[in-house]
file final33.pdb (PDB, C-alpha atoms)
ATOM      1  CA  MET A   1      22.216 -17.212 -84.318  1.00  0.00           C
ATOM      2  CA  VAL A   2      22.840 -14.158 -86.536  1.00  0.00           C
ATOM      3  CA  GLU A   3      20.045 -12.202 -84.845  1.00  0.00           C
ATOM      4  CA  VAL A   4      21.427 -13.035 -81.408  1.00  0.00           C
ATOM      5  CA  THR A   5      24.938 -11.895 -82.348  1.00  0.00           C
ATOM      6  CA  LEU A   6      23.650  -8.631 -83.813  1.00  0.00           C
ATOM      7  CA  ALA A   7      21.522  -8.075 -80.691  1.00  0.00           C
ATOM      8  CA  ILE A   8      24.669  -8.475 -78.574  1.00  0.00           C
ATOM      9  CA  ALA A   9      26.428  -5.900 -80.787  1.00  0.00           C
ATOM     10  CA  ALA A  10      23.542  -3.463 -80.301  1.00  0.00           C
ATOM     11  CA  LEU A  11      23.661  -3.911 -76.522  1.00  0.00           C
ATOM     12  CA  ALA A  12      27.430  -3.457 -76.609  1.00  0.00           C
ATOM     13  CA  GLY A  13      27.059  -0.161 -78.480  1.00  0.00           C
ATOM     14  CA  LEU A  14      24.612   1.131 -75.902  1.00  0.00           C
ATOM     15  CA  GLY A  15      26.822  -0.248 -73.150  1.00  0.00           C
ATOM     16  CA  SER A  16      29.819   1.663 -74.524  1.00  0.00           C
ATOM     17  CA  PHE A  17      27.871   4.929 -74.537  1.00  0.00           C
ATOM     18  CA  TRP A  18      26.676   4.541 -70.952  1.00  0.00           C
ATOM     19  CA  ALA A  19      30.119   3.562 -69.670  1.00  0.00           C
ATOM     20  CA  PRO A  20      31.236   5.440 -66.525  1.00  0.00           C
ATOM     21  CA  CYS A  21      34.203   7.019 -68.316  1.00  0.00           C
ATOM     22  CA  ILE A  22      32.171   8.149 -71.353  1.00  0.00           C
ATOM     23  CA  LEU A  23      28.715   9.203 -70.155  1.00  0.00           C
ATOM     24  CA  PRO A  24      29.765  11.920 -67.671  1.00  0.00           C
ATOM     25  CA  MET A  25      31.913  13.653 -70.291  1.00  0.00           C
ATOM     26  CA  ILE A  26      29.265  13.696 -73.059  1.00  0.00           C
ATOM     27  CA  PRO A  27      27.918  17.259 -72.431  1.00  0.00           C
ATOM     28  CA  ALA A  28      31.382  18.809 -72.318  1.00  0.00           C
ATOM     29  CA  PHE A  29      32.532  16.778 -75.300  1.00  0.00           C
ATOM     30  CA  LEU A  30      29.558  17.727 -77.463  1.00  0.00           C
ATOM     31  CA  ALA A  31      30.153  21.360 -76.583  1.00  0.00           C
ATOM     32  CA  TYR A  32      33.828  20.971 -77.413  1.00  0.00           C
ATOM     33  CA  ILE A  33      33.434  19.441 -80.883  1.00  0.00           C
ATOM     34  CA  SER A  34      30.812  22.048 -81.790  1.00  0.00           C
ATOM     35  CA  GLY A  35      33.126  24.929 -80.853  1.00  0.00           C
ATOM     36  CA  THR A  36      31.041  26.246 -77.957  1.00  0.00           C
ATOM     37  CA  THR A  37      31.167  25.936 -74.161  1.00  0.00           C
ATOM     38  CA  LEU A  38      28.961  24.425 -71.481  1.00  0.00           C
ATOM     39  CA  ALA A  39      28.637  27.854 -69.878  1.00  0.00           C
ATOM     40  CA  ASP A  40      27.268  29.321 -73.105  1.00  0.00           C
ATOM     41  CA  ILE A  41      24.825  26.454 -73.530  1.00  0.00           C
ATOM     42  CA  ASN A  42      23.593  26.837 -69.959  1.00  0.00           C
ATOM     43  CA  LYS A  43      23.187  30.594 -70.478  1.00  0.00           C
ATOM     44  CA  SER A  44      21.289  29.948 -73.702  1.00  0.00           C
ATOM     45  CA  GLN A  45      18.655  28.116 -71.681  1.00  0.00           C
ATOM     46  CA  GLU A  46      18.177  31.349 -69.707  1.00  0.00           C
ATOM     47  CA  GLY A  47      17.961  33.385 -72.897  1.00  0.00           C
ATOM     48  CA  THR A  48      21.092  35.441 -72.207  1.00  0.00           C
ATOM     49  CA  VAL A  49      23.242  33.777 -74.893  1.00  0.00           C
ATOM     50  CA  VAL A  50      22.291  32.512 -78.347  1.00  0.00           C
ATOM     51  CA  VAL A  51      23.788  29.123 -79.232  1.00  0.00           C
ATOM     52  CA  ASN A  52      23.465  27.467 -82.631  1.00  0.00           C
ATOM     53  CA  ARG A  53      22.016  24.106 -81.643  1.00  0.00           C
ATOM     54  CA  THR A  54      21.862  22.993 -85.277  1.00  0.00           C
ATOM     55  CA  ASN A  55      25.623  23.361 -85.345  1.00  0.00           C
ATOM     56  CA  ILE A  56      25.959  21.152 -82.266  1.00  0.00           C
ATOM     57  CA  ILE A  57      23.759  18.459 -83.830  1.00  0.00           C
ATOM     58  CA  LEU A  58      25.523  18.493 -87.216  1.00  0.00           C
ATOM     59  CA  ASN A  59      28.972  18.347 -85.628  1.00  0.00           C
ATOM     60  CA  SER A  60      27.772  15.392 -83.568  1.00  0.00           C
ATOM     61  CA  VAL A  61      26.549  13.658 -86.739  1.00  0.00           C
ATOM     62  CA  PHE A  62      29.944  14.098 -88.411  1.00  0.00           C
ATOM     63  CA  PHE A  63      31.634  12.862 -85.239  1.00  0.00           C
ATOM     64  CA  VAL A  64      29.494   9.709 -85.288  1.00  0.00           C
ATOM     65  CA  LEU A  65      30.199   9.217 -89.003  1.00  0.00           C
ATOM     66  CA  GLY A  66      33.916   9.362 -88.216  1.00  0.00           C
ATOM     67  CA  PHE A  67      34.017   6.458 -85.795  1.00  0.00           C
ATOM     68  CA  SER A  68      31.390   4.542 -87.797  1.00  0.00           C
ATOM     69  CA  VAL A  69      33.701   4.571 -90.818  1.00  0.00           C
ATOM     70  CA  VAL A  70      36.545   3.141 -88.738  1.00  0.00           C
ATOM     71  CA  PHE A  71      34.425   0.330 -87.317  1.00  0.00           C
ATOM     72  CA  SER A  72      32.894  -0.485 -90.715  1.00  0.00           C
ATOM     73  CA  VAL A  73      36.350  -0.742 -92.299  1.00  0.00           C
ATOM     74  CA  ILE A  74      37.435  -3.041 -89.472  1.00  0.00           C
ATOM     75  CA  GLY A  75      34.370  -5.196 -90.114  1.00  0.00           C
ATOM     76  CA  VAL A  76      35.149  -5.481 -93.830  1.00  0.00           C
ATOM     77  CA  THR A  77      38.790  -6.319 -93.038  1.00  0.00           C
ATOM     78  CA  ILE A  78      37.861  -9.055 -90.587  1.00  0.00           C
ATOM     79  CA  ASN A  79      35.408 -10.484 -93.111  1.00  0.00           C
ATOM     80  CA  SER A  80      38.074 -10.499 -95.855  1.00  0.00           C
ATOM     81  CA  ILE A  81      40.636 -12.250 -93.652  1.00  0.00           C
ATOM     82  CA  PHE A  82      38.528 -14.901 -91.934  1.00  0.00           C
ATOM     83  CA  VAL A  83      35.473 -15.582 -94.116  1.00  0.00           C
ATOM     84  CA  GLY A  84      37.154 -18.366 -96.107  1.00  0.00           C
ATOM     85  CA  VAL A  85      38.603 -20.328 -93.190  1.00  0.00           C
ATOM     86  CA  GLY A  86      37.430 -23.830 -92.375  1.00  0.00           C
ATOM     87  CA  GLY A  87      35.349 -25.124 -89.503  1.00  0.00           C
ATOM     88  CA  GLU A  88      38.360 -26.295 -87.488  1.00  0.00           C
ATOM     89  CA  VAL A  89      39.932 -22.849 -87.625  1.00  0.00           C
ATOM     90  CA  ILE A  90      36.625 -21.262 -86.554  1.00  0.00           C
ATOM     91  CA  ASN A  91      36.464 -23.630 -83.582  1.00  0.00           C
ATOM     92  CA  LEU A  92      40.012 -22.631 -82.638  1.00  0.00           C
ATOM     93  CA  LEU A  93      39.070 -18.953 -82.991  1.00  0.00           C
ATOM     94  CA  ASN A  94      36.076 -19.576 -80.729  1.00  0.00           C
ATOM     95  CA  GLN A  95      38.319 -21.018 -78.022  1.00  0.00           C
ATOM     96  CA  ILE A  96      40.916 -18.269 -78.288  1.00  0.00           C
ATOM     97  CA  GLY A  97      38.223 -15.598 -78.602  1.00  0.00           C
ATOM     98  CA  GLY A  98      36.325 -16.967 -75.619  1.00  0.00           C
ATOM     99  CA  ILE A  99      39.410 -16.693 -73.419  1.00  0.00           C
ATOM    100  CA  ILE A 100      40.056 -13.136 -74.630  1.00  0.00           C
ATOM    101  CA  ILE A 101      36.442 -12.102 -73.997  1.00  0.00           C
ATOM    102  CA  ILE A 102      36.546 -13.602 -70.491  1.00  0.00           C
ATOM    103  CA  GLY A 103      39.690 -11.546 -69.901  1.00  0.00           C
ATOM    104  CA  PHE A 104      37.884  -8.381 -71.028  1.00  0.00           C
ATOM    105  CA  GLY A 105      35.070  -9.104 -68.588  1.00  0.00           C
ATOM    106  CA  ALA A 106      37.511  -9.660 -65.726  1.00  0.00           C
ATOM    107  CA  PHE A 107      39.265  -6.395 -66.653  1.00  0.00           C
ATOM    108  CA  LEU A 108      35.997  -4.477 -66.379  1.00  0.00           C
ATOM    109  CA  ILE A 109      35.245  -5.911 -62.948  1.00  0.00           C
ATOM    110  CA  LEU A 110      38.790  -5.338 -61.672  1.00  0.00           C
ATOM    111  CA  SER A 111      38.746  -1.770 -62.960  1.00  0.00           C
ATOM    112  CA  THR A 112      36.183  -0.935 -60.263  1.00  0.00           C
ATOM    113  CA  LYS A 113      38.767  -1.893 -57.604  1.00  0.00           C
ATOM    114  CA  ILE A 114      42.064  -0.927 -59.250  1.00  0.00           C
ATOM    115  CA  ASN A 115      42.167   2.739 -60.241  1.00  0.00           C
ATOM    116  CA  ALA A 116      45.308   2.259 -62.327  1.00  0.00           C
ATOM    117  CA  LEU A 117      43.218   0.330 -64.851  1.00  0.00           C
ATOM    118  CA  ASN A 118      40.994   3.367 -65.444  1.00  0.00           C
ATOM    119  CA  MET A 119      43.624   5.639 -66.943  1.00  0.00           C
ATOM    120  CA  GLU A 120      42.410   7.509 -70.027  1.00  0.00           C
ATOM    121  CA  LYS A 121      44.174   8.802 -73.098  1.00  0.00           C
ATOM    122  CA  LYS A 122      42.460  11.698 -74.841  1.00  0.00           C
ATOM    123  CA  ILE A 123      43.335  13.250 -78.179  1.00  0.00           C
ATOM    124  CA  LEU A 124      42.177  16.865 -77.982  1.00  0.00           C
ATOM    125  CA  VAL A 125      43.497  19.887 -79.815  1.00  0.00           C
ATOM    126  CA  ARG A 126      42.897  23.553 -79.224  1.00  0.00           C
ATOM    127  CA  ARG A 127      40.248  24.897 -81.563  1.00  0.00           C
ATOM    128  CA  GLU A 128      38.614  28.248 -82.118  1.00  0.00           C
ATOM    129  CA  LYS A 129      35.851  27.432 -84.565  1.00  0.00           C
ATOM    130  CA  ALA A 130      33.564  24.461 -85.158  1.00  0.00           C
ATOM    131  CA  SER A 131      34.301  22.470 -88.292  1.00  0.00           C
ATOM    132  CA  TYR A 132      32.392  19.493 -89.697  1.00  0.00           C
ATOM    133  CA  PRO A 133      35.516  17.903 -91.263  1.00  0.00           C
ATOM    134  CA  LEU A 134      37.373  18.315 -87.975  1.00  0.00           C
ATOM    135  CA  SER A 135      34.476  16.719 -86.065  1.00  0.00           C
ATOM    136  CA  PHE A 136      34.712  13.811 -88.524  1.00  0.00           C
ATOM    137  CA  VAL A 137      38.440  13.539 -87.784  1.00  0.00           C
ATOM    138  CA  PHE A 138      37.667  13.582 -84.050  1.00  0.00           C
ATOM    139  CA  GLY A 139      35.330  10.651 -84.682  1.00  0.00           C
ATOM    140  CA  LEU A 140      38.177   8.769 -86.376  1.00  0.00           C
ATOM    141  CA  ALA A 141      40.470   9.531 -83.428  1.00  0.00           C
ATOM    142  CA  PHE A 142      37.755   8.561 -80.948  1.00  0.00           C
ATOM    143  CA  ALA A 143      37.557   5.085 -82.530  1.00  0.00           C
ATOM    144  CA  VAL A 144      41.326   4.623 -82.623  1.00  0.00           C
ATOM    145  CA  GLY A 145      42.190   6.126 -79.214  1.00  0.00           C
ATOM    146  CA  TRP A 146      39.507   4.350 -77.206  1.00  0.00           C
ATOM    147  CA  THR A 147      39.513   4.745 -73.423  1.00  0.00           C
ATOM    148  CA  PRO A 148      40.334   1.619 -71.356  1.00  0.00           C
ATOM    149  CA  CYS A 149      36.950   1.297 -69.642  1.00  0.00           C
ATOM    150  CA  VAL A 150      35.211   1.023 -73.044  1.00  0.00           C
ATOM    151  CA  GLY A 151      38.049  -0.896 -74.680  1.00  0.00           C
ATOM    152  CA  PRO A 152      36.944  -4.234 -73.191  1.00  0.00           C
ATOM    153  CA  ILE A 153      33.461  -3.779 -74.678  1.00  0.00           C
ATOM    154  CA  LEU A 154      34.835  -2.888 -78.107  1.00  0.00           C
ATOM    155  CA  GLY A 155      37.407  -5.667 -77.813  1.00  0.00           C
ATOM    156  CA  THR A 156      34.616  -8.130 -77.090  1.00  0.00           C
ATOM    157  CA  ILE A 157      32.757  -7.114 -80.255  1.00  0.00           C
ATOM    158  CA  LEU A 158      35.932  -7.258 -82.359  1.00  0.00           C
ATOM    159  CA  THR A 159      36.691 -10.732 -80.998  1.00  0.00           C
ATOM    160  CA  LEU A 160      33.115 -11.818 -81.636  1.00  0.00           C
ATOM    161  CA  ALA A 161      33.429 -10.487 -85.203  1.00  0.00           C
ATOM    162  CA  ALA A 162      36.556 -12.603 -85.715  1.00  0.00           C
ATOM    163  CA  THR A 163      34.654 -15.727 -84.644  1.00  0.00           C
ATOM    164  CA  THR A 164      31.707 -14.875 -86.950  1.00  0.00           C
ATOM    165  CA  PRO A 165      33.471 -13.345 -89.994  1.00  0.00           C
ATOM    166  CA  ALA A 166      30.496 -13.732 -92.326  1.00  0.00           C
ATOM    167  CA  ILE A 167      28.612 -11.029 -90.430  1.00  0.00           C
ATOM    168  CA  ALA A 168      31.622  -9.037 -89.197  1.00  0.00           C
ATOM    169  CA  PHE A 169      30.668  -5.922 -91.178  1.00  0.00           C
ATOM    170  CA  ASN A 170      27.041  -6.018 -89.981  1.00  0.00           C
ATOM    171  CA  LEU A 171      28.244  -6.622 -86.433  1.00  0.00           C
ATOM    172  CA  LEU A 172      30.491  -3.539 -86.385  1.00  0.00           C
ATOM    173  CA  LEU A 173      27.872  -1.447 -88.206  1.00  0.00           C
ATOM    174  CA  VAL A 174      25.193  -2.291 -85.633  1.00  0.00           C
ATOM    175  CA  TYR A 175      27.668  -1.530 -82.846  1.00  0.00           C
ATOM    176  CA  SER A 176      28.465   1.860 -84.414  1.00  0.00           C
ATOM    177  CA  LEU A 177      24.809   2.809 -84.831  1.00  0.00           C
ATOM    178  CA  SER A 178      23.924   1.747 -81.287  1.00  0.00           C
ATOM    179  CA  LEU A 179      26.789   3.861 -79.977  1.00  0.00           C
ATOM    180  CA  GLY A 180      26.229   6.800 -82.323  1.00  0.00           C
ATOM    181  CA  ILE A 181      22.474   7.319 -82.124  1.00  0.00           C
ATOM    182  CA  PRO A 182      22.558   8.192 -78.384  1.00  0.00           C
ATOM    183  CA  PHE A 183      25.294  10.751 -79.143  1.00  0.00           C
ATOM    184  CA  ILE A 184      23.010  12.476 -81.636  1.00  0.00           C
ATOM    185  CA  LEU A 185      19.999  12.271 -79.303  1.00  0.00           C
ATOM    186  CA  MET A 186      22.078  13.870 -76.546  1.00  0.00           C
ATOM    187  CA  ALA A 187      22.914  16.697 -78.934  1.00  0.00           C
ATOM    188  CA  ILE A 188      19.245  17.193 -79.874  1.00  0.00           C
ATOM    189  CA  PHE A 189      17.970  17.165 -76.284  1.00  0.00           C
ATOM    190  CA  PHE A 190      21.037  18.749 -74.752  1.00  0.00           C
ATOM    191  CA  SER A 191      19.489  20.476 -71.735  1.00  0.00           C
ATOM    192  CA  ARG A 192      17.508  17.406 -70.693  1.00  0.00           C
ATOM    193  CA  ALA A 193      20.499  15.166 -71.330  1.00  0.00           C
ATOM    194  CA  GLN A 194      22.566  16.954 -68.693  1.00  0.00           C
ATOM    195  CA  ARG A 195      19.891  16.357 -66.061  1.00  0.00           C
ATOM    196  CA  ILE A 196      19.606  12.674 -67.012  1.00  0.00           C
ATOM    197  CA  ILE A 197      23.368  12.191 -66.802  1.00  0.00           C
ATOM    198  CA  ARG A 198      23.522  13.816 -63.364  1.00  0.00           C
ATOM    199  CA  ALA A 199      20.654  11.632 -62.145  1.00  0.00           C
ATOM    200  CA  MET A 200      22.332   8.456 -63.399  1.00  0.00           C
ATOM    201  CA  GLY A 201      25.755   9.360 -62.028  1.00  0.00           C
ATOM    202  CA  ARG A 202      25.148   7.816 -58.615  1.00  0.00           C
ATOM    203  CA  HIS A 203      24.365   4.403 -60.154  1.00  0.00           C
ATOM    204  CA  LEU A 204      27.298   4.126 -62.566  1.00  0.00           C
ATOM    205  CA  LYS A 205      29.528   2.438 -59.984  1.00  0.00           C
ATOM    206  CA  TYR A 206      27.522  -0.783 -60.424  1.00  0.00           C
ATOM    207  CA  TYR A 207      27.682  -0.625 -64.210  1.00  0.00           C
ATOM    208  CA  SER A 208      31.145  -2.138 -64.776  1.00  0.00           C
ATOM    209  CA  ILE A 209      30.477  -5.063 -62.440  1.00  0.00           C
ATOM    210  CA  MET A 210      27.213  -6.051 -64.142  1.00  0.00           C
ATOM    211  CA  LEU A 211      28.577  -5.584 -67.663  1.00  0.00           C
ATOM    212  CA  GLY A 212      31.800  -7.398 -66.783  1.00  0.00           C
ATOM    213  CA  ALA A 213      29.817 -10.385 -65.493  1.00  0.00           C
ATOM    214  CA  PHE A 214      27.746 -10.434 -68.700  1.00  0.00           C
ATOM    215  CA  ILE A 215      30.910 -10.350 -70.843  1.00  0.00           C
ATOM    216  CA  ILE A 216      32.427 -13.243 -68.889  1.00  0.00           C
ATOM    217  CA  ILE A 217      29.279 -15.313 -69.471  1.00  0.00           C
ATOM    218  CA  LEU A 218      29.411 -14.372 -73.161  1.00  0.00           C
ATOM    219  CA  GLY A 219      33.068 -15.444 -73.300  1.00  0.00           C
ATOM    220  CA  ILE A 220      32.230 -18.836 -71.789  1.00  0.00           C
ATOM    221  CA  LEU A 221      29.470 -19.323 -74.389  1.00  0.00           C
ATOM    222  CA  VAL A 222      31.848 -18.400 -77.207  1.00  0.00           C
ATOM    223  CA  TYR A 223      34.602 -20.672 -75.858  1.00  0.00           C
ATOM    224  CA  THR A 224      32.226 -23.645 -75.643  1.00  0.00           C
ATOM    225  CA  ASN A 225      30.608 -22.748 -78.996  1.00  0.00           C
ATOM    226  CA  GLN A 226      27.234 -22.511 -77.243  1.00  0.00           C
ATOM    227  CA  LEU A 227      26.372 -18.918 -78.127  1.00  0.00           C
ATOM    228  CA  ALA A 228      23.328 -20.155 -80.038  1.00  0.00           C
ATOM    229  CA  TYR A 229      21.787 -21.195 -76.705  1.00  0.00           C
ATOM    230  CA  LEU A 230      20.960 -17.541 -76.102  1.00  0.00           C
ATOM    231  CA  ALA A 231      18.457 -17.838 -78.933  1.00  0.00           C
ATOM    232  CA  ASN A 232      16.510 -20.370 -76.881  1.00  0.00           C
ATOM    233  CA  PHE A 233      15.497 -17.723 -74.338  1.00  0.00           C
ATOM    234  CA  PRO A 234      11.818 -16.919 -75.056  1.00  0.00           C
ATOM    235  CA  LEU A 235      12.132 -13.292 -73.942  1.00  0.00           C
ATOM    236  CA  LEU A 236      15.115 -12.696 -76.220  1.00  0.00           C
ATOM    237  CA  ASN A 237      13.288 -14.241 -79.155  1.00  0.00           C
ATOM    238  CA  GLU A 238      10.299 -11.967 -78.540  1.00  0.00           C
ATOM    239  CA  LEU A 239      12.529  -8.875 -78.380  1.00  0.00           C
ATOM    240  CA  ILE A 240      14.253  -9.842 -81.637  1.00  0.00           C
ATOM    241  CA  ALA A 241      10.882 -10.489 -83.286  1.00  0.00           C
ATOM    242  CA  LEU A 242       9.647  -7.042 -82.232  1.00  0.00           C
ATOM    243  CA  GLY A 243      12.823  -5.456 -83.644  1.00  0.00           C
TER     244      GLY A 243
END
call {"tool": "encode", "arguments": {"input": "final33.pdb", "output": "structure tokens"}}
result
Amino acid sequence: MVEVTLAIAALAGLGSFWAPCILPMIPAFLAYISGTTLADINKSQEGTVVVNRTNIILNSVFFVLGFSVVFSVIGVTINSIFVGVGGEVINLLNQIGGIIIIGFGAFLILSTKINALNMEKKILVRREKASYPLSFVFGLAFAVGWTPCVGPILGTILTLAATTPAIAFNLLLVYSLSLGIPFILMAIFFSRAQRIIRAMGRHLKYYSIMLGAFIIILGILVYTNQLAYLANFPLLNELIALG
């Protein structure tokens, strides 16, 4: 059961990174937090401009550390609040959490049809020079000011953490790592990353529908306290064993 829940958190982290409102902005965002521009990075590939790629990578690492700290603290808090509750309360949390998760899944699907649900709120300040502490602060802000199209995924993991408080910290940590590692890989392989993102762009419209359907199924399993049934899938067991 624990392995299954952590596997869901890992998939959710990857799912958050590849979300339609996050993935297309990754190149520009990495350039922004590192104090450079996309034009300079593109020119650096032609040899006309020198860009400090180490600076881009390190700023990305501090950015990831920022939102990882927020999620880890949330995990510890959830564990402290709910770990001592009885079985009846956990069952009630499962029912409430299941309904909430189903709602998140429906939101994701509806967001593909209702543009008003895709509004974003960004916290960006004007900056002249890259700064590791400031990139860390951006990571903190990124975790707090989440965009709506990723909010349902994060909300699902937070709700799942509340229904499994004993592993809440591990759940949020795995989510953070699964979200953060692709950020760092994008920074390392920046030029290739831009081509991959452009190639995937045409398929992102199906992403929210598929992920929303998966979240609804997950919510039903949580509501009925049948999440452990996922562990009975042979393929999933093999993937967990390999991990």
call {"tool": "resolve_selection", "arguments": {"input": "final33.pdb", "expression": "the PyMOL selection byres ((chain A and resi 173) around 9)", "output": "count of residues only"}}
result
16
call {"tool": "closest_residue", "arguments": {"input": "final33.pdb", "among": "A:Gly13, A:Pro165, A:Gly105, A:Gly98", "to": "Asn225 in chain A", "atoms": "only C-alpha atoms"}}
result
A:Gly98
call {"tool": "closest_residue", "arguments": {"input": "final33.pdb", "among": "A:Leu221, A:Ile56, A:Ala19, A:Ala31", "to": "Pro152 in chain A", "atoms": "all atoms listed in the file"}}
result
A:Ala19
call {"tool": "resolve_selection", "arguments": {"input": "final33.pdb", "expression": "the PyMOL selection byres ((chain A and resi 222-224) around 7)", "output": "PDB file with C-alpha atoms, in the coordinates of the input"}}
result
ATOM      1  CA  ASN A  94      36.076 -19.576 -80.729  1.00  0.00           C
ATOM      2  CA  GLN A  95      38.319 -21.018 -78.022  1.00  0.00           C
ATOM      3  CA  GLY A  97      38.223 -15.598 -78.602  1.00  0.00           C
ATOM      4  CA  GLY A  98      36.325 -16.967 -75.619  1.00  0.00           C
ATOM      5  CA  ILE A  99      39.410 -16.693 -73.419  1.00  0.00           C
ATOM      6  CA  LEU A 218      29.411 -14.372 -73.161  1.00  0.00           C
ATOM      7  CA  GLY A 219      33.068 -15.444 -73.300  1.00  0.00           C
ATOM      8  CA  ILE A 220      32.230 -18.836 -71.789  1.00  0.00           C
ATOM      9  CA  LEU A 221      29.470 -19.323 -74.389  1.00  0.00           C
ATOM     10  CA  ASN A 225      30.608 -22.748 -78.996  1.00  0.00           C
ATOM     11  CA  GLN A 226      27.234 -22.511 -77.243  1.00  0.00           C
ATOM     12  CA  LEU A 227      26.372 -18.918 -78.127  1.00  0.00           C
TER      13      LEU A 227
END
call {"tool": "atom_distance", "arguments": {"input": "final33.pdb", "atom1": "CA of Ala28 in chain A", "atom2": "CA of Phe190 in chain A"}}
result
10.6 Å
call {"tool": "closest_residue", "arguments": {"input": "final33.pdb", "among": "A:Phe107, A:Phe67, A:Ile78, A:Val61", "to": "Ile153 in chain A", "atoms": "all atoms listed in the file"}}
result
A:Phe107
call {"tool": "residues_around", "arguments": {"input": "final33.pdb", "residues": "Val144 in chain A", "least_positions_apart": "4", "cutoff": "9 Å", "atoms": "all atoms listed in the file", "output": "list of chain:residue names"}}
result
A:Phe67, A:Val70, A:Gly139, A:Leu140
call {"tool": "resolve_selection", "arguments": {"input": "final33.pdb", "expression": "the PyMOL selection byres ((chain A and resi 81) around 12)", "output": "list in words"}}
result
Ile74, Gly75, Val76, Thr77, Ile78, Asn79, Ser80, Phe82, Val83, Gly84, Val85, Ala161, Ala162, Thr163, Thr164, Pro165, Ala166 and Ala168 of chain A
call {"tool": "write_last_selection", "arguments": {"input": "final33.pdb", "atoms": "C-alpha atoms", "output": "mmCIF file, keeping the file's coordinate frame"}}
result
data_model
loop_
_atom_site.group_PDB
_atom_site.id
_atom_site.type_symbol
_atom_site.label_atom_id
_atom_site.label_comp_id
_atom_site.auth_asym_id
_atom_site.auth_seq_id
_atom_site.Cartn_x
_atom_site.Cartn_y
_atom_site.Cartn_z
ATOM 1 C CA ILE A 74 37.435 -3.041 -89.472
ATOM 2 C CA GLY A 75 34.370 -5.196 -90.114
ATOM 3 C CA VAL A 76 35.149 -5.481 -93.830
ATOM 4 C CA THR A 77 38.790 -6.319 -93.038
ATOM 5 C CA ILE A 78 37.861 -9.055 -90.587
ATOM 6 C CA ASN A 79 35.408 -10.484 -93.111
ATOM 7 C CA SER A 80 38.074 -10.499 -95.855
ATOM 8 C CA PHE A 82 38.528 -14.901 -91.934
ATOM 9 C CA VAL A 83 35.473 -15.582 -94.116
ATOM 10 C CA GLY A 84 37.154 -18.366 -96.107
ATOM 11 C CA VAL A 85 38.603 -20.328 -93.190
ATOM 12 C CA ALA A 161 33.429 -10.487 -85.203
ATOM 13 C CA ALA A 162 36.556 -12.603 -85.715
ATOM 14 C CA THR A 163 34.654 -15.727 -84.644
ATOM 15 C CA THR A 164 31.707 -14.875 -86.950
ATOM 16 C CA PRO A 165 33.471 -13.345 -89.994
ATOM 17 C CA ALA A 166 30.496 -13.732 -92.326
ATOM 18 C CA ALA A 168 31.622 -9.037 -89.197
#
call {"tool": "closest_residue", "arguments": {"input": "final33.pdb", "among": "A:Val89, A:Val2, A:Ala106, A:Leu154", "to": "Ile217 in chain A", "atoms": "all atoms listed in the file"}}
result
A:Ala106
call {"tool": "axis_aligned_box", "arguments": {"input": "final33.pdb", "around": "range 6-22 of chain A", "padding_each_side": "6 Å", "output": "lines of an AutoDock Vina configuration file"}}
result
center_x = 27.9
center_y = -0.2
center_z = -75.2
size_x = 24.7
size_y = 28.8
size_z = 29.3
call {"tool": "atom_distance", "arguments": {"input": "final33.pdb", "atom1": "CA of Ala141 in chain A", "atom2": "CA of Leu58 in chain A"}}
result
17.8 Å
call {"tool": "atom_distance", "arguments": {"input": "final33.pdb", "atom1": "CA of Leu14 in chain A", "atom2": "CA of Val150 in chain A"}}
result
11.0 Å
call {"tool": "closest_residue", "arguments": {"input": "final33.pdb", "among": "A:Ser16, A:Thr5, A:Ser60, A:Ser131", "to": "Leu185 in chain A", "atoms": "all atoms listed in the file"}}
result
A:Ser60
call {"tool": "closest_residue", "arguments": {"input": "final33.pdb", "among": "A:Leu160, A:Ala10, A:Val4, A:Ile90", "to": "Ile102 in chain A", "atoms": "all atoms listed in the file"}}
result
A:Leu160
